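**Student:** Okay, so here is entry_23.cif, and as you'll see once you scroll down, it has mmCIF, C-alpha atoms and all ligand atoms.
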data_entry
#
loop_
_atom_site.label_atom_id
_atom_site.label_comp_id
_atom_site.auth_asym_id
_atom_site.auth_seq_id
_atom_site.Cartn_x
_atom_site.Cartn_y
_atom_site.Cartn_z
CA MET A 22 2.00 23.33 -22.19
CA ALA A 23 5.33 22.37 -23.78
CA ALA A 24 5.41 18.98 -25.47
CA ILE A 25 6.61 16.16 -23.25
CA LYS A 26 9.69 14.36 -24.59
CA THR A 27 11.20 12.76 -21.50
CA ILE A 28 9.36 11.12 -18.62
CA GLY A 29 10.94 10.44 -15.21
CA VAL A 30 9.74 7.57 -13.06
CA LEU A 31 10.32 6.97 -9.34
CA THR A 32 9.10 4.80 -6.49
CA SER A 33 8.70 6.45 -3.09
CA GLY A 34 7.68 5.74 0.50
CA GLY A 35 6.91 2.21 1.66
CA ASP A 36 7.72 -0.46 -0.93
CA ALA A 37 5.00 -2.73 -2.23
CA PRO A 38 5.09 -5.91 -4.33
CA GLY A 39 4.17 -4.98 -7.91
CA MET A 40 6.15 -1.73 -7.98
CA ASN A 41 8.61 -3.38 -10.41
CA ALA A 42 5.77 -4.36 -12.70
CA ALA A 43 4.62 -0.72 -12.62
CA ILE A 44 8.13 0.58 -13.44
CA ARG A 45 8.30 -1.88 -16.34
CA ALA A 46 4.89 -0.83 -17.65
CA VAL A 47 5.66 2.89 -17.42
CA THR A 48 9.03 2.44 -19.13
CA ARG A 49 7.86 0.19 -21.94
CA SER A 50 4.64 2.05 -22.58
CA ALA A 51 6.51 5.38 -22.70
CA ILE A 52 9.16 4.02 -25.10
CA PHE A 53 6.42 2.41 -27.22
CA ASN A 54 4.87 5.87 -27.58
CA GLY A 55 8.15 7.56 -28.52
CA PHE A 56 9.20 9.07 -25.17
CA LYS A 57 12.58 8.89 -23.48
CA VAL A 58 12.51 7.51 -19.94
CA LYS A 59 14.70 8.32 -16.96
CA GLY A 60 14.70 6.27 -13.77
CA ILE A 61 15.13 8.19 -10.53
CA TYR A 62 16.65 6.24 -7.63
CA ARG A 63 15.39 6.32 -4.03
CA GLY A 64 12.23 8.31 -4.64
CA TYR A 65 12.42 12.07 -4.13
CA LYS A 66 15.86 11.61 -2.58
CA GLY A 67 17.28 10.68 -5.99
CA LEU A 68 15.66 13.73 -7.50
CA VAL A 69 17.24 15.98 -4.86
CA ASP A 70 20.63 14.18 -4.93
CA ASP A 71 20.70 13.70 -8.72
CA GLU A 72 20.65 9.93 -8.91
CA ILE A 73 19.04 9.66 -12.33
CA VAL A 74 19.70 7.14 -15.11
CA ASP A 75 18.41 6.41 -18.61
CA LEU A 76 15.99 3.51 -18.81
CA GLN A 77 15.74 1.37 -21.94
CA THR A 78 13.39 -1.47 -22.75
CA GLN A 79 15.97 -3.98 -21.51
CA SER A 80 16.55 -2.08 -18.25
CA VAL A 81 13.23 -3.43 -17.03
CA SER A 82 13.60 -7.02 -18.27
CA GLY A 83 13.19 -9.84 -15.78
CA ILE A 84 11.97 -7.67 -12.90
CA MET A 85 8.23 -8.26 -12.97
CA HIS A 86 8.18 -11.24 -10.61
CA HIS A 87 10.37 -9.66 -7.93
CA GLY A 88 8.98 -7.84 -4.89
CA GLY A 89 10.50 -4.52 -3.81
CA THR A 90 11.61 -1.98 -6.39
CA ILE A 91 14.68 -1.93 -8.66
CA LEU A 92 14.70 1.86 -8.40
CA LYS A 93 14.89 1.57 -4.57
CA THR A 94 12.71 3.69 -2.40
CA ALA A 95 13.29 6.11 0.43
CA ARG A 96 11.78 8.76 2.60
CA CYS A 97 13.21 12.20 1.94
CA LYS A 98 13.13 15.02 4.50
CA GLU A 99 14.67 17.57 2.11
CA PHE A 100 11.73 17.18 -0.25
CA MET A 101 9.42 18.37 2.53
CA THR A 102 11.10 21.80 2.23
CA VAL A 103 10.79 24.36 -0.60
CA GLU A 104 14.61 24.42 -0.99
CA GLY A 105 14.67 20.63 -1.37
CA ARG A 106 11.94 20.69 -3.99
CA LYS A 107 13.75 23.51 -5.82
CA GLN A 108 16.87 21.37 -5.96
CA ALA A 109 14.74 18.49 -7.25
CA TYR A 110 13.32 20.75 -9.95
CA GLU A 111 16.81 21.91 -10.99
CA ASN A 112 17.87 18.28 -11.40
CA MET A 113 14.76 17.54 -13.44
CA LYS A 114 15.68 20.40 -15.79
CA LYS A 115 19.31 19.25 -15.94
CA HIS A 116 18.13 15.84 -17.19
CA ASP A 117 15.49 17.35 -19.52
CA ILE A 118 12.71 15.56 -17.64
CA ASP A 119 9.39 17.17 -18.65
CA ALA A 120 6.97 15.00 -16.66
CA LEU A 121 7.00 12.58 -13.76
CA VAL A 122 5.30 9.33 -12.86
CA VAL A 123 5.35 8.82 -9.08
CA ILE A 124 4.62 5.33 -7.75
CA GLY A 125 3.86 5.39 -4.03
CA GLY A 126 1.37 5.84 -1.23
CA ASP A 127 -0.50 8.71 0.34
CA GLY A 128 2.64 10.59 1.45
CA SER A 129 4.38 10.26 -1.92
CA LEU A 130 1.34 11.52 -3.77
CA SER A 131 0.99 14.42 -1.30
CA GLY A 132 4.58 15.35 -2.19
CA ALA A 133 3.74 15.03 -5.89
CA GLN A 134 0.76 17.32 -5.51
CA GLN A 135 2.86 19.96 -3.76
CA PHE A 136 5.72 19.70 -6.30
CA ALA A 137 3.37 19.90 -9.29
CA LYS A 138 1.66 22.98 -7.86
CA GLU A 139 4.89 24.85 -7.11
CA PHE A 140 6.75 24.15 -10.34
CA ASP A 141 3.95 23.57 -12.82
CA ILE A 142 5.12 20.06 -13.72
CA PRO A 143 2.84 17.39 -15.19
CA ILE A 144 2.79 14.57 -12.64
CA VAL A 145 0.78 11.37 -12.69
CA GLY A 146 0.62 9.16 -9.61
CA ILE A 147 0.27 5.39 -9.42
CA PRO A 148 -1.04 4.00 -6.11
CA GLY A 149 1.61 1.61 -4.77
CA THR A 150 1.00 0.58 -1.16
CA ILE A 151 0.01 -2.64 0.58
CA ASP A 152 -2.44 -0.68 2.76
CA ASN A 153 -5.07 -0.03 0.07
CA ASP A 154 -5.70 3.30 1.79
CA LEU A 155 -5.92 5.68 -1.18
CA SER A 156 -9.34 7.01 -2.08
CA GLY A 157 -10.73 6.87 -5.59
CA THR A 158 -9.28 3.47 -6.41
CA ASP A 159 -10.70 0.06 -5.56
CA HIS A 160 -7.21 -1.40 -5.21
CA THR A 161 -3.64 -0.27 -4.74
CA ILE A 162 -0.64 -2.16 -6.11
CA GLY A 163 0.72 -4.59 -3.50
CA TYR A 164 -2.46 -4.99 -1.50
CA ASP A 165 -3.50 -8.31 -3.04
CA THR A 166 -0.03 -9.80 -2.54
CA ALA A 167 0.08 -8.69 1.10
CA LEU A 168 -3.39 -10.14 1.65
CA ASN A 169 -2.26 -13.48 0.23
CA THR A 170 0.84 -13.42 2.42
CA ILE A 171 -1.29 -12.80 5.51
CA MET A 172 -3.59 -15.67 4.55
CA TRP A 173 -0.60 -17.98 4.04
CA CYS A 174 0.82 -17.07 7.47
CA VAL A 175 -2.48 -17.36 9.33
CA ASP A 176 -3.14 -20.80 7.80
CA ARG A 177 0.08 -21.99 9.37
CA ILE A 178 -0.60 -20.37 12.71
CA ARG A 179 -4.04 -22.03 12.72
CA ASP A 180 -2.40 -25.48 12.74
CA THR A 181 -0.49 -24.76 15.92
CA ALA A 182 -3.30 -22.72 17.49
CA SER A 183 -5.75 -25.61 17.27
CA SER A 184 -3.24 -28.20 18.45
CA HIS A 185 -2.61 -26.27 21.64
CA GLU A 186 -6.09 -24.74 22.14
CA ARG A 187 -4.77 -21.24 22.19
CA LEU A 188 -5.99 -17.78 21.41
CA PHE A 189 -3.70 -16.23 18.81
CA ILE A 190 -3.54 -12.48 18.32
CA ILE A 191 -1.91 -11.65 14.98
CA GLU A 192 -0.90 -8.12 14.14
CA VAL A 193 -1.06 -6.98 10.54
CA MET A 194 -0.09 -3.70 8.87
CA GLY A 195 -2.51 -1.12 7.57
CA ARG A 196 -1.83 2.14 9.39
CA GLU A 197 -5.11 4.00 9.60
CA SER A 198 -7.04 1.67 7.33
CA SER A 199 -8.01 -1.88 8.11
CA PHE A 200 -8.42 -3.55 4.75
CA LEU A 201 -5.62 -6.01 5.44
CA ALA A 202 -6.99 -6.94 8.87
CA LEU A 203 -10.60 -7.30 7.77
CA ASN A 204 -10.14 -9.08 4.45
CA GLY A 205 -7.18 -11.04 5.85
CA ALA A 206 -9.49 -12.32 8.60
CA ILE A 207 -12.18 -13.31 6.11
CA ALA A 208 -9.68 -15.02 3.78
CA SER A 209 -8.06 -17.02 6.56
CA GLY A 210 -11.21 -17.89 8.48
CA ALA A 211 -10.12 -15.95 11.56
CA GLU A 212 -12.69 -15.36 14.28
CA ALA A 213 -12.29 -11.61 14.44
CA ALA A 214 -10.63 -8.50 13.07
CA ILE A 215 -9.89 -5.91 15.72
CA ILE A 216 -9.80 -2.65 13.80
CA PRO A 217 -9.61 1.04 14.74
CA GLU A 218 -12.76 1.92 12.77
CA MET A 219 -14.85 -0.15 15.21
CA ALA A 220 -12.96 0.68 18.40
CA SER A 221 -15.36 3.34 19.62
CA LYS A 222 -18.47 1.36 18.72
CA VAL A 223 -17.97 -2.02 20.35
CA ASP A 224 -15.54 -3.82 22.65
CA GLN A 225 -14.17 -6.09 19.97
CA LEU A 226 -12.09 -8.25 22.31
CA SER A 227 -14.97 -9.01 24.68
CA GLU A 228 -17.14 -9.82 21.71
CA LEU A 229 -14.55 -12.29 20.41
CA ILE A 230 -14.22 -14.00 23.78
CA GLN A 231 -17.97 -14.19 24.35
CA SER A 232 -19.06 -15.28 20.92
CA GLY A 233 -16.33 -17.59 19.77
CA PHE A 234 -13.64 -18.75 22.09
CA ARG A 235 -15.58 -19.40 25.25
CA LYS A 236 -18.60 -21.18 23.79
CA SER A 237 -17.48 -23.81 21.38
CA LYS A 238 -14.05 -23.25 19.99
CA ASN A 239 -10.87 -24.85 21.08
CA SER A 240 -8.78 -22.19 19.36
CA SER A 241 -9.33 -18.71 18.10
CA ILE A 242 -7.46 -16.32 15.86
CA ALA A 243 -7.97 -12.58 15.83
CA LEU A 244 -6.25 -10.28 13.38
CA VAL A 245 -5.41 -6.88 14.86
CA ALA A 246 -4.63 -3.82 12.79
CA GLU A 247 -1.43 -2.13 13.99
CA SER A 248 -2.68 1.13 15.39
CA PRO A 249 -2.50 3.16 18.59
CA VAL A 250 -6.29 2.91 18.67
CA THR A 251 -6.35 -0.90 18.87
CA GLY A 252 -3.16 -1.04 20.93
CA GLY A 253 -1.79 -3.53 18.38
CA ALA A 254 -1.39 -7.22 19.18
CA MET A 255 0.64 -6.56 22.35
CA GLY A 256 -2.01 -4.21 23.71
CA VAL A 257 -4.81 -6.70 23.05
CA ALA A 258 -2.81 -9.58 24.57
CA GLU A 259 -2.18 -7.53 27.72
CA ARG A 260 -5.91 -7.04 28.06
CA VAL A 261 -6.56 -10.77 27.67
CA LYS A 262 -4.02 -11.55 30.38
CA LYS A 263 -5.67 -9.07 32.75
CA GLU A 264 -9.35 -9.55 31.97
CA PHE A 265 -9.52 -13.17 30.76
CA PRO A 266 -6.57 -14.83 32.51
CA GLN A 267 -8.00 -18.32 31.98
CA TYR A 268 -7.10 -18.15 28.28
CA ASN A 269 -3.80 -19.17 26.83
CA VAL A 270 -2.85 -16.24 24.58
CA ARG A 271 -0.04 -15.94 22.04
CA VAL A 272 1.04 -13.03 19.86
CA THR A 273 2.48 -12.98 16.34
CA ILE A 274 3.44 -9.74 14.64
CA LEU A 275 3.71 -10.32 10.90
CA GLY A 276 5.60 -7.05 10.33
CA HIS A 277 7.73 -6.73 7.21
CA LEU A 278 6.90 -10.24 6.05
CA GLN A 279 3.81 -8.59 4.60
CA ARG A 280 5.76 -6.29 2.29
CA GLY A 281 7.90 -8.83 0.50
CA GLY A 282 7.42 -11.60 -1.99
CA SER A 283 6.62 -12.12 -5.62
CA PRO A 284 3.53 -10.14 -6.63
CA THR A 285 0.32 -12.04 -7.36
CA ALA A 286 -1.12 -12.14 -10.87
CA GLN A 287 -3.70 -9.58 -9.79
CA ASP A 288 -1.03 -7.11 -8.65
CA ARG A 289 1.07 -7.64 -11.77
CA ILE A 290 -1.91 -7.04 -14.02
CA LEU A 291 -3.04 -4.01 -12.03
CA ALA A 292 0.48 -2.54 -12.10
CA SER A 293 0.83 -3.18 -15.83
CA ARG A 294 -2.50 -1.55 -16.61
CA MET A 295 -1.85 1.41 -14.31
CA GLY A 296 1.62 1.97 -15.80
CA ALA A 297 0.21 2.03 -19.31
CA ALA A 298 -2.68 4.28 -18.19
CA ALA A 299 -0.20 6.74 -16.65
CA ILE A 300 1.44 7.25 -20.04
CA ASP A 301 -1.99 7.57 -21.73
CA ALA A 302 -2.88 10.22 -19.15
CA LEU A 303 0.25 12.26 -19.88
CA MET A 304 -0.41 12.03 -23.63
CA GLU A 305 -3.93 13.30 -23.05
CA GLY A 306 -2.56 16.33 -21.19
CA GLN A 307 -3.66 15.12 -17.76
CA ARG A 308 -1.71 16.30 -14.73
CA ASN A 309 -2.08 16.14 -10.97
CA ILE A 310 -4.01 12.93 -11.12
CA MET A 311 -3.62 9.43 -9.79
CA ILE A 312 -4.53 6.39 -11.83
CA GLY A 313 -7.23 4.37 -10.11
CA ASP A 314 -9.27 1.25 -10.82
CA ASP A 315 -13.00 1.45 -10.57
CA ASP A 316 -15.06 -1.62 -11.42
CA GLU A 317 -12.16 -3.04 -13.46
CA LYS A 318 -11.72 0.17 -15.48
CA MET A 319 -8.75 2.54 -15.36
CA ILE A 320 -9.78 6.01 -14.21
CA TYR A 321 -8.13 9.36 -13.47
CA VAL A 322 -8.53 10.60 -9.89
CA PRO A 323 -7.46 14.17 -8.99
CA PHE A 324 -4.75 14.15 -6.29
CA SER A 325 -7.05 16.23 -4.10
CA LYS A 326 -9.56 13.37 -4.11
CA ALA A 327 -7.06 10.53 -3.73
CA ILE A 328 -5.01 11.65 -0.75
CA ARG A 329 -5.63 12.37 2.92
CA HIS A 330 -9.09 10.89 2.88
CA THR A 331 -10.25 7.98 4.91
CA LYS A 332 -11.50 5.15 2.77
CA THR A 333 -14.44 3.76 4.68
CA ILE A 334 -14.63 0.12 5.65
CA ASP A 335 -17.40 -1.84 3.99
CA THR A 336 -19.85 -2.87 6.72
CA GLU A 337 -20.93 -5.84 4.61
CA LEU A 338 -17.43 -7.30 5.12
CA LEU A 339 -17.73 -6.87 8.88
CA ASP A 340 -21.08 -8.58 8.78
CA VAL A 341 -19.72 -11.52 6.78
CA LEU A 342 -16.83 -11.99 9.21
CA HIS A 343 -19.19 -11.80 12.17
CA ARG A 344 -21.61 -14.34 10.74
CA LEU A 345 -18.97 -16.83 9.71
CA SER A 346 -17.06 -16.82 12.98
CA ILE A 347 -19.75 -18.44 15.15
P1 LIG B 401 4.03 6.69 1.46
O1 LIG B 401 4.07 7.21 0.07
O2 LIG B 401 4.31 5.23 1.53
O3 LIG B 401 2.76 7.11 2.18
P2 LIG B 401 5.59 8.59 3.14
O4 LIG B 401 4.40 9.11 3.84
O5 LIG B 401 6.76 8.23 3.94
O6 LIG B 401 5.28 7.30 2.24
O7 LIG B 401 6.05 9.70 2.05
C1 LIG B 401 7.14 9.47 1.20
C2 LIG B 401 7.87 10.74 0.93
O8 LIG B 401 7.02 11.66 0.23
C3 LIG B 401 8.33 11.53 2.14
O9 LIG B 401 9.54 11.04 2.68
C4 LIG B 401 8.54 12.92 1.55
O10 LIG B 401 9.75 12.99 0.86
C5 LIG B 401 7.40 13.00 0.52
N1 LIG B 401 6.25 13.73 1.09
C6 LIG B 401 5.26 13.26 1.87
N2 LIG B 401 4.37 14.23 2.20
C7 LIG B 401 4.82 15.37 1.63
C8 LIG B 401 4.38 16.73 1.60
N3 LIG B 401 3.28 17.10 2.22
N4 LIG B 401 5.13 17.63 0.90
C9 LIG B 401 6.24 17.24 0.25
N5 LIG B 401 6.71 15.98 0.24
C10 LIG B 401 6.02 15.05 0.92
#
So that I can check it, write out the structure of this file as structure tokens.
**Tutor:**
Amino acid sequence: MAAIKTIGVLTSGGDAPGMNAAIRAVTRSAIFNGFKVKGIYRGYKGLVDDEIVDLQTQSVSGIMHHGGTILKTARCKEFMTVEGRKQAYENMKKHDIDALVVIGGDGSLSGAQQFAKEFDIPIVGIPGTIDNDLSGTDHTIGYDTALNTIMWCVDRIRDTASSHERLFIIEVMGRESSFLALNGAIASGAEAAIIPEMASKVDQLSELIQSGFRKSKNSSIALVAESPVTGGAMGVAERVKKEFPQYNVRVTILGHLQRGGSPTAQDRILASRMGAAAIDALMEGQRNIMIGDDDEKMIYVPFSKAIRHTKTIDTELLDVLHRLSI
């Protein structure tokens, strides 16, 4: 393998708070170790369209506390095609980029895996997504911030919910995984998390109505993971109106609120450590791996293990939520 001199860094897919801290860590750690760094704008789109700039130590000053990503992010259809990836490779060569650090979610790392395989490029991934849905890592960058945002919002909704004796259905993000709904419910003292993983096992709405709202509570809050399986908050509210018309139901969809904001200390530290670990990995000759955290330690997870797997929900968390919502 030819020696790596220049490392390219990009953020791709859905943005997540802490991506800037990761860009900063990759850039500074690479420069510290004698590499040149190039920033690629708009994820794979910038690689295909040749939007590539030099990054210096100062280029990443004062960005750590901002949500979003200074490199911007995008979804790129061209990169899904061989021709698009070939164009991306040509631009990498044009800018003398020998290796890539890709910060993104499941889709972005799937693209990285494909690109690395086709063009024999060393690529290291950093898990950046609020969903926490990548396997092989305890946490993804942005998840903790999103969880705190959800908690902050639900605390406020609780005030109005209890004043009016209402049932509030709050939709949170998470795609196919329900970490935000489940841990968000525990952190905010909600009565239930309605999640796709449990949909086939139990009627979660009936359970909520029977166990909490009807018996003793004057207000209830359920967090619902956005998913066709749960029907999202609107779907659940429709059911309440039909099946339990005596209850006063309200819906809040948190939506993109969950993506923004200044990253928490935990996300900044995770991003900083993962950025530094990505450069270590490249120096050790690693490729096609994602940086993960396992019991507080930085680990290398092969792309094949990290992506397109369902991270299972911890049943202990479900049990805790259930017990505490009586
Ligand atoms: P996320 O990384 O947040 O999961 P997406 O799923 O939208 O975001 O993926 C981001 C981008 O990664 C896509 O727009 C596409 O350019 C690239 N990508 C995703 N999957 C593949 C794939 N199988 N092959 C090539 N590129 C892919």
**Student:** In terms of the shortest atom-to-atom distance over all atoms listed in the file, which of A:Thr48, A:Thr150, A:Asn112, A:Gln77 is closest to ligand LIG 401 (chain B)?
**Tutor:** A:Thr150
**Student:** Give, as JSON, the centre coordinates and the x, y and z edge lengths in Å to one decimal for an axis-aligned box around all listed atoms of ligand LIG 401 (chain B), padded by 6 Å on each side.
**Tutor:**
{"center_x": 6.3, "center_y": 11.4, "center_z": 2.0, "size_x": 19.0, "size_y": 24.4, "size_z": 15.9}
**Student:** Do you have, as JSON lines, the list of residues of segment 183-237 of chain A lying at most 8 Å from segment 244-264 of chain A, each with its nearest atom pair and that distance in Å to one decimal, counting only C-alpha atoms and ordered by chain then number?
**Tutor:**
{"residue": "A:Ile190", "atom": "CA", "partner": "A:Ala254", "partner_atom": "CA", "distance": 5.7}
{"residue": "A:Ile191", "atom": "CA", "partner": "A:Leu244", "partner_atom": "CA", "distance": 4.8}
{"residue": "A:Glu192", "atom": "CA", "partner": "A:Val245", "partner_atom": "CA", "distance": 4.7}
{"residue": "A:Val193", "atom": "CA", "partner": "A:Ala246", "partner_atom": "CA", "distance": 5.3}
{"residue": "A:Met194", "atom": "CA", "partner": "A:Glu247", "partner_atom": "CA", "distance": 5.5}
{"residue": "A:Gly195", "atom": "CA", "partner": "A:Ala246", "partner_atom": "CA", "distance": 6.2}
{"residue": "A:Arg196", "atom": "CA", "partner": "A:Ser248", "partner_atom": "CA", "distance": 6.1}
{"residue": "A:Glu197", "atom": "CA", "partner": "A:Ser248", "partner_atom": "CA", "distance": 6.9}
{"residue": "A:Ser199", "atom": "CA", "partner": "A:Ala246", "partner_atom": "CA", "distance": 6.1}
{"residue": "A:Leu201", "atom": "CA", "partner": "A:Ala246", "partner_atom": "CA", "distance": 7.7}
{"residue": "A:Ala202", "atom": "CA", "partner": "A:Ala246", "partner_atom": "CA", "distance": 5.5}
{"residue": "A:Leu203", "atom": "CA", "partner": "A:Leu244", "partner_atom": "CA", "distance": 7.7}
{"residue": "A:Gly205", "atom": "CA", "partner": "A:Leu244", "partner_atom": "CA", "distance": 7.6}
{"residue": "A:Ala206", "atom": "CA", "partner": "A:Leu244", "partner_atom": "CA", "distance": 6.1}
{"residue": "A:Ala211", "atom": "CA", "partner": "A:Leu244", "partner_atom": "CA", "distance": 7.1}
{"residue": "A:Ala213", "atom": "CA", "partner": "A:Leu244", "partner_atom": "CA", "distance": 6.3}
{"residue": "A:Ala214", "atom": "CA", "partner": "A:Leu244", "partner_atom": "CA", "distance": 4.7}
{"residue": "A:Ile215", "atom": "CA", "partner": "A:Val245", "partner_atom": "CA", "distance": 4.7}
{"residue": "A:Ile216", "atom": "CA", "partner": "A:Ala246", "partner_atom": "CA", "distance": 5.4}
{"residue": "A:Pro217", "atom": "CA", "partner": "A:Val250", "partner_atom": "CA", "distance": 5.5}
{"residue": "A:Ala220", "atom": "CA", "partner": "A:Thr251", "partner_atom": "CA", "distance": 6.8}
{"residue": "A:Leu226", "atom": "CA", "partner": "A:Val257", "partner_atom": "CA", "distance": 7.5}
**Student:** How about saving the chosen residues, C-alpha atoms kept, as a PDB file, in the coordinates of the input?
**Tutor:**
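That gives us part.pdb:
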ATOM      1  CA  ILE A 190      -3.540 -12.480  18.320  1.00  0.00           C
ATOM      2  CA  ILE A 191      -1.910 -11.650  14.980  1.00  0.00           C
ATOM      3  CA  GLU A 192      -0.900  -8.120  14.140  1.00  0.00           C
ATOM      4  CA  VAL A 193      -1.060  -6.980  10.540  1.00  0.00           C
ATOM      5  CA  MET A 194      -0.090  -3.700   8.870  1.00  0.00           C
ATOM      6  CA  GLY A 195      -2.510  -1.120   7.570  1.00  0.00           C
ATOM      7  CA  ARG A 196      -1.830   2.140   9.390  1.00  0.00           C
ATOM      8  CA  GLU A 197      -5.110   4.000   9.600  1.00  0.00           C
ATOM      9  CA  SER A 199      -8.010  -1.880   8.110  1.00  0.00           C
ATOM     10  CA  LEU A 201      -5.620  -6.010   5.440  1.00  0.00           C
ATOM     11  CA  ALA A 202      -6.990  -6.940   8.870  1.00  0.00           C
ATOM     12  CA  LEU A 203     -10.600  -7.300   7.770  1.00  0.00           C
ATOM     13  CA  GLY A 205      -7.180 -11.040   5.850  1.00  0.00           C
ATOM     14  CA  ALA A 206      -9.490 -12.320   8.600  1.00  0.00           C
ATOM     15  CA  ALA A 211     -10.120 -15.950  11.560  1.00  0.00           C
ATOM     16  CA  ALA A 213     -12.290 -11.610  14.440  1.00  0.00           C
ATOM     17  CA  ALA A 214     -10.630  -8.500  13.070  1.00  0.00           C
ATOM     18  CA  ILE A 215      -9.890  -5.910  15.720  1.00  0.00           C
ATOM     19  CA  ILE A 216      -9.800  -2.650  13.800  1.00  0.00           C
ATOM     20  CA  PRO A 217      -9.610   1.040  14.740  1.00  0.00           C
ATOM     21  CA  ALA A 220     -12.960   0.680  18.400  1.00  0.00           C
ATOM     22  CA  LEU A 226     -12.090  -8.250  22.310  1.00  0.00           C
TER      23      LEU A 226
END
**Student:** Set the cut-off to 8 Å, count all atoms listed in the file, and list whatever residues fall near ligand LIG 401 (chain B) as a PyMOL selection string.
**Tutor:** chain A and resi 33-36+64-66+95-102+106+125-136+149-150
**Student:** So what do you get for atom CA of Gly105 of chain A versus atom CA of Gly60 of chain A, distance-wise?
**Tutor:** 19.0 Å
**Student:** Within 6 Å of segment 154-161 of chain A, counting all atoms listed in the file, which residues show up once you throw out same-chain ones fewer than 4 positions away? Write them as a PyMOL selection string, please.
**Tutor:** chain A and resi 148-150+198+313-315+327+332
**Student:** Would you pick out the contacts of Ile118 of chain A at 7 Å or less, using all atoms listed in the file, so that residues sharing its chain but fewer than 4 positions from it are not included, and give the list as a list in words?
**Tutor:**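 Once the nearby chain positions are removed, what remains is Thr27, Ile28, Gly29, Met113 and Lys114 of chain A.
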**Student:** Write the residues of the selection above to a file with C-alpha atoms, as a compact mmCIF listing (two decimals), in the frame of the given file.
**Tutor:**
# COMPACT_ATOMS: atom_id res chain seq x y z
CA THR A 27 11.20 12.76 -21.50
CA ILE A 28 9.36 11.12 -18.62
CA GLY A 29 10.94 10.44 -15.21
CA MET A 113 14.76 17.54 -13.44
CA LYS A 114 15.68 20.40 -15.79
**Student:** Just checking: using only C-alpha atoms, which residue out of A:Thr285, A:Ser184, A:Ser50, A:Asn204 ends up closest to Ala299 of chain A?
**Tutor:**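 That would be A:Ser50, the residue with the smallest distance to Ala299 of chain A.
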**Student:** Report, in Å with one decimal, the straight-line distance from atom CA of Lys57 of chain A to atom CA of Asp141 of chain A.
**Tutor:** 20.1 Å
**Student:** Residues within 7 Å of segment 292-296 of chain A, please, as a list in words. Count all atoms listed in the file; anything in the same chain fewer than 4 positions from it doesn't count.
**Tutor:**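 The neighbour list is Gly39, Ala42, Ala43, Ala46, Val47, Ile147, Ile162, Asp288, Ile300 and Ile312 of chain A.
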**Student:** Contacts of Leu121 of chain A at 8 Å or less, counting all atoms listed in the file, minus same-chain residues fewer than 6 places along, as a compact mmCIF listing (two decimals) with C-alpha atoms, in the coordinates of the input?
**Tutor:**
# COMPACT_ATOMS: atom_id res chain seq x y z
CA ILE A 28 9.36 11.12 -18.62
CA GLY A 29 10.94 10.44 -15.21
CA VAL A 30 9.74 7.57 -13.06
CA LEU A 31 10.32 6.97 -9.34
CA ILE A 142 5.12 20.06 -13.72
CA PRO A 143 2.84 17.39 -15.19
CA ILE A 144 2.79 14.57 -12.64
CA VAL A 145 0.78 11.37 -12.69
**Student:** Please identify all polymer residues within 10 Å of Leu278 of chain A, counting all atoms listed in the file, omitting same-chain residues fewer than 3 positions from it, and present them as a list of chain:residue names.
**Tutor:**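 The filter keeps A:Ala167, A:Thr170, A:Ile171, A:Cys174, A:Val193, A:Met194, A:Ile274, A:Leu275, A:Gly281, A:Gly282.
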**Student:** Please produce a file of those selected residues containing C-alpha atoms, as a PDB file, in the frame of the given file.
**Tutor:**
ATOM      1  CA  ALA A 167       0.080  -8.690   1.100  1.00  0.00           C
ATOM      2  CA  THR A 170       0.840 -13.420   2.420  1.00  0.00           C
ATOM      3  CA  ILE A 171      -1.290 -12.800   5.510  1.00  0.00           C
ATOM      4  CA  CYS A 174       0.820 -17.070   7.470  1.00  0.00           C
ATOM      5  CA  VAL A 193      -1.060  -6.980  10.540  1.00  0.00           C
ATOM      6  CA  MET A 194      -0.090  -3.700   8.870  1.00  0.00           C
ATOM      7  CA  ILE A 274       3.440  -9.740  14.640  1.00  0.00           C
ATOM      8  CA  LEU A 275       3.710 -10.320  10.900  1.00  0.00           C
ATOM      9  CA  GLY A 281       7.900  -8.830   0.500  1.00  0.00           C
ATOM     10  CA  GLY A 282       7.420 -11.600  -1.990  1.00  0.00           C
TER      11      GLY A 282
END
**Student:** Can you work out which one of A:Asn54, A:Thr331, A:Gln108, A:Gln307 has the shortest atom-to-atom distance to Lys26 of chain A, counting all atoms listed in the file?
**Tutor:**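 Looking at the shortest contact to Lys26 of chain A, the residue is A:Asn54.
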**Student:** Rounded to one decimal place, report the atom CA of Asp70 of chain A-atom CA of Lys115 of chain A distance in Å.
**Tutor:**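 Pair atom CA of Asp70 of chain A / atom CA of Lys115 of chain A returns 12.2 Å.
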**Student:** Measuring atom to atom with only C-alpha atoms, identify which of A:Leu291, A:Ile242, A:Ile230, A:Ile334 is nearest to Tyr268 of chain A.
**Tutor:**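 Checking each candidate against Tyr268 of chain A, we get A:Ile230 as the closest.
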